[in-house]
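Here is the structure we will look at.
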Amino acid sequence: MAHSVTLGLLLLGLSAAPTLAAELDPQTGFVIAPGWETVRNNCTACHSAKLVTQNSGSREHWLSLIRWMQEKQGLWAFDANTEDTILAYLSSAYGPKEGARRPPLRAEQLPENPYRQPAKTD
Ligand code: HEC
């Protein structure tokens, strides 16, 4: 009796485990979550889905990538709804990484360097 209870709990644990991992679309590797098909339909025409899935960041990060592709790479414009679906999906399924390093400071954000010397020319 004790054994079958243990076995039952074990099986319960095993059957529950796969739901913890995100389900991936076997073709593209996209995390299956609301909006993923919109992203597949709009984001794999020019490059591999890998380029998308290996990137991560905030909504602002994804929006800036989209604007860059629209300005420089011929990405089409989205209506507001589609854009919102895409950004919500990307920033949640491929959001900022926990513990990721902050991006480096830009030159104008650095404090003055007290040790800077004119280059020696002799
Ligand atoms: C019209 C073509 C086109 C479409 C559609 C497109 N992209 Fe791109 N994307 C590009 C090009 C071109 C590059 C640069 C590829 C390279 O550097 O090899 C790029 C690069 C990227 C990168 C890498 C940026 C980096 O920092 O290196 C990401 C991430 C990305 N795209 C995401 C997306 C997402 C998300 C979508 C859908 C909203 C999308 N792309 C749709 C053309 C497109």
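Here's how to read the names in the structure tokens: chain A, B, ... by the order shown, residue numbers from 1 in each chain, ligand numbers from 1 in the order shown.
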
### Task
Enumerate as number ranges by chain the residues within 9 Å of ligand 1, counting only C-alpha atoms and all ligand atoms.
A: 38-56, 62-63, 65-66, 68-70, 72-76, 78, 83, 86-87, 90

### Task
Would you please extract all alpha helix (DSSP H) residues from range 36-87 of chain A, as assigned by DSSP on the backbone, and give them as a PyMOL selection string?
chain A and resi 36-43+49-53+59-72+80-87

#### Entry: Closest of A:Glu37, A:Thr121, A:Thr82, A:His61 to Pro103 in chain A - atom-to-atom distances counting only C-alpha atoms
A:His61

### Message
Please report the interatomic distance between CA of Pro104 in chain A and CA of Gln117 in chain A in Å with one decimal.
### Response
23.4 Å

### Shell of 9 Å around Val31 in chain A, only C-alpha atoms, local chain residues under 5 positions omitted, as a VMD selection string
chain A and resid 22 to 25 36 53 93 to 94

Just to be explicit: take each residue in the selection above, keep N, CA and C atoms, and write the result as a PDB file, in the first residue's frame.
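Wrote it out as part-v4.pdb, contents follow:
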```pdb
ATOM      1  N   ALA A  22       9.171  25.354 -21.146  1.00  0.00           N
ATOM      2  CA  ALA A  22       8.370  25.980 -22.187  1.00  0.00           C
ATOM      3  C   ALA A  22       8.290  25.052 -23.384  1.00  0.00           C
ATOM      4  N   GLU A  23       7.120  24.985 -24.008  1.00  0.00           N
ATOM      5  CA  GLU A  23       6.955  24.155 -25.194  1.00  0.00           C
ATOM      6  C   GLU A  23       7.472  24.935 -26.405  1.00  0.00           C
ATOM      7  N   LEU A  24       8.266  24.250 -27.242  1.00  0.00           N
ATOM      8  CA  LEU A  24       8.861  24.933 -28.395  1.00  0.00           C
ATOM      9  C   LEU A  24       8.246  24.423 -29.689  1.00  0.00           C
ATOM     10  N   ASP A  25       8.073  25.310 -30.638  1.00  0.00           N
ATOM     11  CA  ASP A  25       7.638  24.906 -31.967  1.00  0.00           C
ATOM     12  C   ASP A  25       8.801  24.165 -32.628  1.00  0.00           C
ATOM     13  N   TRP A  36       2.854  33.825 -30.703  1.00  0.00           N
ATOM     14  CA  TRP A  36       4.041  33.255 -31.361  1.00  0.00           C
ATOM     15  C   TRP A  36       3.854  33.095 -32.861  1.00  0.00           C
ATOM     16  N   THR A  53      15.502  34.138 -31.558  1.00  0.00           N
ATOM     17  CA  THR A  53      15.461  33.417 -30.278  1.00  0.00           C
ATOM     18  C   THR A  53      16.770  33.550 -29.495  1.00  0.00           C
ATOM     19  N   ALA A  93       8.533  36.159 -23.776  1.00  0.00           N
ATOM     20  CA  ALA A  93       9.212  34.885 -24.056  1.00  0.00           C
ATOM     21  C   ALA A  93      10.726  35.080 -24.175  1.00  0.00           C
ATOM     22  N   TYR A  94      11.159  36.251 -24.600  1.00  0.00           N
ATOM     23  CA  TYR A  94      12.589  36.549 -24.762  1.00  0.00           C
ATOM     24  C   TYR A  94      12.904  37.884 -24.084  1.00  0.00           C
TER      25      TYR A  94
END
```

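Straight-line separation from CA of Gln109 in chain A to CA of Pro96 in chain A: 22.1 Å.
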
### Query
Which distance in Å separates CA of Lys97 in chain A and CA of Ile32 in chain A, to one decimal?
18.5 Å
